[in-house]
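Data first, discussion second: the structure below is written as structure tokens.
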Amino acid sequence: MNFKVRAARKEDCKEISRMIMELAVYEKMADQVKTSHEELERDGFSPNPFYECLIAEVPDEHKTKDGYTVVGYALYFYTYSTWKGRSVYMEDLYVMPDFRGKGIGKGLMAKVAQVGVEKQCVRLQLSVLEWNKPSLDFYIAKGAEDLTAKEGWHFLRFDGQTLDTLAKEAPKD
Amino acid sequence: MDRFKLRKAEPKDVPDILRLIKELAKYEDMEDQVILTEKDLLEDGFGDHPFYHCIVAEVPSDKQSNNGPVVIGFAMYYFTYDPWIGKLLYLEDFFVMGEYRGFGIGSEILKLLSHTAVKTRCSSMHFIVAEGNQASIEFYKRRGAADLSLEEGWRLFKIDKSSLLKMSSGPEE
């Protein structure tokens with residue numbers, strides 16, 4: 001199947017928002033999605049964007065039963081390692097179920113890798129849920145190493161009330 | 001230790017930041033992995049599109065012993081993006097020199113970071129900790145941090161440059 005990977009444009013945000021929700025449903029966390037396509041537009045297409053996005057498109061004759069030609073996306077941003085410098089973090093990679101097995105996921109990820117290399121990034125990082133075997137297999141086949149298993153890294157988070165509580169006690173400017 | 005000051009890092013702090021990065025790496029038994037140079041830090045943190053932001057903790061010079069450094073702690077952070085909730089503040093490195101611990105400096109840095117997160121419209125502050133680093137895990141959990149690796153099963157993966165090059169130079173789809 002013919003497909004094209006290109007940089008997302010502001011007008012693609014409605015499609016990206018649709019697929020973000022589809023991915024959240026797959027990860028069994030749909031109730032956690034709070035962003036709208038308006039926020040994606042504001043945060044990704046301003047002079048100082050907080051993420052970059054690539055989308056995969058198929059020609060009209062292969063569009064989905066609901067009429068979509070945008071069938072996948074990869075959302076990523078740049079991070080920084082105090083040991084090695086610039087890195088790229090791939091936050092989301094998603095291809096609609098009917099379009100899997102055709103190299104689209106690989107194509108999206110290869111393009112993220114290419115962008116990262118061009119920006120002199122030394123590595124790409126991502127995180128996967130431990131039960132998500134198809135994704136674990138996909139990434140490991142491309143050379144990914146599980147740092148949680150190998151080096152014991154855990155993700156921690158402060159949010160909502162705990163973040164507000166800490167923030168209120170900050171020293172005055 | 002009642003007199004310490006927290007402030008935004010400036011280009012002149014780069015040598016101290018690198019020194020503290022190496023001290024933190026030594027604490028994590030990974031000193032030989034720091035390949036970043038002062039030139040990288042300067043270019044990546046103080047150019048047009050910084051890859052990171054930094055807060056430093058300093059003590060007045062008359063509190064030093066043996067004319068030691070004035071900058072005695074730092075925190076490096078940047079902004080990331082969660083497609084479900086939007087902007088996040090990601091804490092990359094956080095370190096206070098051994099002899100200056102136990103005085104609340106780390107605690108104040110964390111509060112300032114939380115305040116920065118709330119001020120810049122971030123829903124959450126994320127970071128990683130090695131599971132062997134019990135002192136740090138306790139420090140964060142006491143303040144309300146949730147361990148997403150344990151609670152939700154997230155595992156961190158990395159893909160190194162050689163694998164990125166292989167991926168990005170694959171045949172065009």
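Residue numbering restarts at 1 for every chain of the structure tokens, chains are lettered A, B, ... in their displayed order, and ligands are numbered from 1 as they appear.
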
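Shell of A:Asp31 at 10 Å, with only C-alpha atoms counted and residues fewer than 5 places along the chain excluded, is Met21, Ala24 and Val25 of chain A; Trp84 of chain B.
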
- Message: Show me, as a PyMOL selection string, every residue of chain A with an atom at most 6 Å from chain B, counting only C-alpha atoms.
- Response: chain A and resi 33-35+83-84+110+113-114+122-130+143-148+152-159+162-163+166-167+170

Serialized selection, N, CA and C atoms, as a tab-separated table (two decimals), in the first residue's frame:
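Final output, saved to selection.tsv:
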chain	number	residue	atom	x	y	z
A	33	VAL	N	-7.74	11.45	28.74
A	33	VAL	CA	-7.46	12.43	27.69
A	33	VAL	C	-8.21	13.73	27.95
A	34	LYS	N	-7.45	14.80	28.18
A	34	LYS	CA	-8.08	16.08	28.49
A	34	LYS	C	-7.84	17.14	27.41
A	35	THR	N	-6.93	16.87	26.47
A	35	THR	CA	-6.61	17.89	25.47
A	35	THR	C	-7.62	17.87	24.32
A	83	TRP	N	24.49	13.89	30.48
A	83	TRP	CA	25.69	13.12	30.18
A	83	TRP	C	26.05	13.21	28.70
A	84	LYS	N	25.02	13.20	27.83
A	84	LYS	CA	25.29	13.05	26.41
A	84	LYS	C	24.72	14.17	25.54
A	110	ALA	N	11.11	5.73	11.47
A	110	ALA	CA	12.35	5.99	10.74
A	110	ALA	C	12.50	7.49	10.48
A	113	ALA	N	13.57	9.15	13.63
A	113	ALA	CA	15.01	8.88	13.80
A	113	ALA	C	15.83	9.80	12.93
A	114	GLN	N	15.38	10.00	11.69
A	114	GLN	CA	16.10	10.85	10.74
A	114	GLN	C	16.13	12.30	11.23
A	122	VAL	N	21.70	12.24	20.21
A	122	VAL	CA	22.53	11.05	20.39
A	122	VAL	C	21.68	9.80	20.61
A	123	ARG	N	20.40	9.98	20.91
A	123	ARG	CA	19.56	8.81	21.12
A	123	ARG	C	18.10	9.19	21.06
A	124	LEU	N	17.27	8.17	20.94
A	124	LEU	CA	15.83	8.35	20.96
A	124	LEU	C	15.32	7.56	22.17
A	125	GLN	N	14.41	8.15	22.94
A	125	GLN	CA	13.84	7.42	24.07
A	125	GLN	C	12.33	7.36	23.93
A	126	LEU	N	11.74	6.39	24.57
A	126	LEU	CA	10.29	6.25	24.54
A	126	LEU	C	9.91	5.38	25.74
A	127	SER	N	8.65	5.33	26.05
A	127	SER	CA	8.24	4.40	27.11
A	127	SER	C	7.07	3.55	26.62
A	128	VAL	N	7.00	2.34	27.14
A	128	VAL	CA	5.99	1.36	26.72
A	128	VAL	C	5.39	0.75	27.97
A	129	LEU	N	4.11	0.46	27.94
A	129	LEU	CA	3.48	-0.25	29.05
A	129	LEU	C	3.92	-1.70	29.04
A	130	GLU	N	4.21	-2.22	30.22
A	130	GLU	CA	4.83	-3.55	30.30
A	130	GLU	C	3.97	-4.67	29.72
A	143	GLY	N	16.23	-2.35	17.96
A	143	GLY	CA	17.42	-2.04	18.76
A	143	GLY	C	17.14	-1.35	20.08
A	144	ALA	N	15.86	-1.27	20.49
A	144	ALA	CA	15.56	-0.59	21.76
A	144	ALA	C	15.98	-1.45	22.95
A	145	GLU	N	16.51	-0.77	23.97
A	145	GLU	CA	16.89	-1.45	25.21
A	145	GLU	C	15.98	-1.00	26.34
A	146	ASP	N	15.54	-1.95	27.14
A	146	ASP	CA	14.66	-1.63	28.26
A	146	ASP	C	15.48	-1.13	29.44
A	147	LEU	N	15.50	0.18	29.65
A	147	LEU	CA	16.32	0.75	30.73
A	147	LEU	C	15.71	0.53	32.11
A	148	THR	N	14.38	0.30	32.13
A	148	THR	CA	13.75	0.01	33.43
A	148	THR	C	14.25	-1.34	33.92
A	152	GLY	N	17.08	-0.11	36.10
A	152	GLY	CA	16.18	0.14	37.23
A	152	GLY	C	15.51	1.49	37.25
A	153	TRP	N	15.40	2.17	36.10
A	153	TRP	CA	14.77	3.49	36.09
A	153	TRP	C	13.25	3.39	36.22
A	154	HIS	N	12.69	4.23	37.11
A	154	HIS	CA	11.25	4.32	37.29
A	154	HIS	C	10.80	5.73	36.97
A	155	PHE	N	9.61	5.86	36.39
A	155	PHE	CA	9.01	7.17	36.14
A	155	PHE	C	8.27	7.63	37.38
A	156	LEU	N	8.54	8.86	37.81
A	156	LEU	CA	7.77	9.42	38.93
A	156	LEU	C	7.05	10.68	38.46
A	157	ARG	N	6.02	11.05	39.18
A	157	ARG	CA	5.22	12.20	38.78
A	157	ARG	C	4.65	12.93	39.99
A	158	PHE	N	4.65	14.28	39.89
A	158	PHE	CA	3.90	15.13	40.82
A	158	PHE	C	2.81	15.76	40.00
A	159	ASP	N	1.54	15.59	40.35
A	159	ASP	CA	0.52	16.32	39.60
A	159	ASP	C	-0.63	16.69	40.50
A	162	THR	N	-0.78	17.46	44.61
A	162	THR	CA	0.58	17.39	45.16
A	162	THR	C	1.45	18.46	44.53
A	163	LEU	N	1.26	18.74	43.24
A	163	LEU	CA	2.04	19.78	42.57
A	163	LEU	C	1.67	21.16	43.14
A	166	LEU	N	3.13	21.77	46.68
A	166	LEU	CA	4.56	22.11	46.63
A	166	LEU	C	4.75	23.52	46.11
A	167	ALA	N	3.99	23.88	45.06
A	167	ALA	CA	4.16	25.18	44.41
A	167	ALA	C	3.86	26.33	45.37
A	170	ALA	N	6.74	27.68	47.50
A	170	ALA	CA	7.98	28.11	46.83
A	170	ALA	C	8.45	29.44	47.39

- Name the residues of stretch 38-165 of chain B that come out as strand (DSSP E or B) in a backbone DSSP run; write them as an NGL selection string. :B and (53-58 or 71-82 or 86-96 or 124-130 or 146-147 or 154-160)

I need the residues in stretch 14-173 of chain A that are alpha helix (DSSP H) according to DSSP; give them as a compact mmCIF listing (two decimals) with C-alpha atoms, in the first residue's frame.
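See selection.txt below for the written result:
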# COMPACT_ATOMS: atom_id res chain seq x y z
CA LYS A 14 -8.35 17.46 14.43
CA GLU A 15 -7.09 14.19 12.91
CA ILE A 16 -4.25 13.95 15.44
CA SER A 17 -6.75 14.52 18.26
CA ARG A 18 -8.95 11.71 16.90
CA MET A 19 -6.01 9.28 16.79
CA ILE A 20 -4.74 10.33 20.25
CA MET A 21 -8.11 9.20 21.59
CA GLU A 22 -7.92 5.92 19.62
CA LEU A 23 -4.48 5.22 21.11
CA ALA A 24 -5.71 6.06 24.62
CA VAL A 25 -8.59 3.59 24.16
CA TYR A 26 -6.05 0.91 23.09
CA HIS A 37 -7.48 19.88 19.00
CA GLU A 38 -7.40 23.59 19.91
CA GLU A 39 -4.75 22.97 22.56
CA LEU A 40 -2.75 20.84 20.15
CA GLU A 41 -2.86 23.72 17.65
CA ARG A 42 -1.72 26.22 20.27
CA ASP A 43 1.04 24.04 21.70
CA GLY A 44 2.46 22.62 18.47
CA ILE A 104 3.62 2.51 8.18
CA GLY A 105 4.73 2.40 11.85
CA LYS A 106 8.28 1.65 10.76
CA GLY A 107 8.11 4.51 8.23
CA LEU A 108 6.93 7.00 10.87
CA MET A 109 9.57 5.93 13.35
CA ALA A 110 12.35 5.99 10.74
CA LYS A 111 11.42 9.59 9.95
CA VAL A 112 11.57 10.53 13.67
CA ALA A 113 15.01 8.88 13.80
CA GLN A 114 16.10 10.85 10.74
CA VAL A 115 14.90 14.16 12.22
CA GLY A 116 16.72 13.30 15.44
CA VAL A 117 19.99 12.50 13.66
CA GLU A 118 19.74 15.75 11.66
CA LYS A 133 3.76 -7.08 23.94
CA PRO A 134 3.26 -6.14 20.26
CA SER A 135 4.84 -2.72 20.91
CA LEU A 136 7.64 -4.15 23.07
CA ASP A 137 8.49 -6.61 20.25
CA PHE A 138 8.32 -3.86 17.61
CA TYR A 139 10.79 -1.59 19.43
CA ILE A 140 13.17 -4.31 20.59
CA ALA A 141 13.45 -5.52 16.98
CA LEU A 147 16.32 0.75 30.73
CA THR A 148 13.75 0.01 33.43
CA ALA A 149 14.81 -3.65 33.39
CA LYS A 150 18.51 -3.03 32.72
CA GLU A 151 19.22 -0.02 34.95
CA GLY A 160 -2.77 17.87 40.62
CA GLN A 161 -2.96 18.52 44.34
CA THR A 162 0.58 17.39 45.16
CA LEU A 163 2.04 19.78 42.57
CA ASP A 164 -0.12 22.70 43.80
CA THR A 165 0.84 22.04 47.43
CA LEU A 166 4.56 22.11 46.63
CA ALA A 167 4.16 25.18 44.41
CA LYS A 168 2.46 27.21 47.14

- Message: Rounded to one decimal, what separation in Å do you get between atom CA of A:Val95 and atom CA of A:Gly72?
- Response: 4.1 Å

- Query: In terms of the shortest atom-to-atom distance over only C-alpha atoms, which of A:Val71, A:Asp12, A:Gly101, A:Glu27 is closest to A:Pro59?
  - Reply: A:Val71
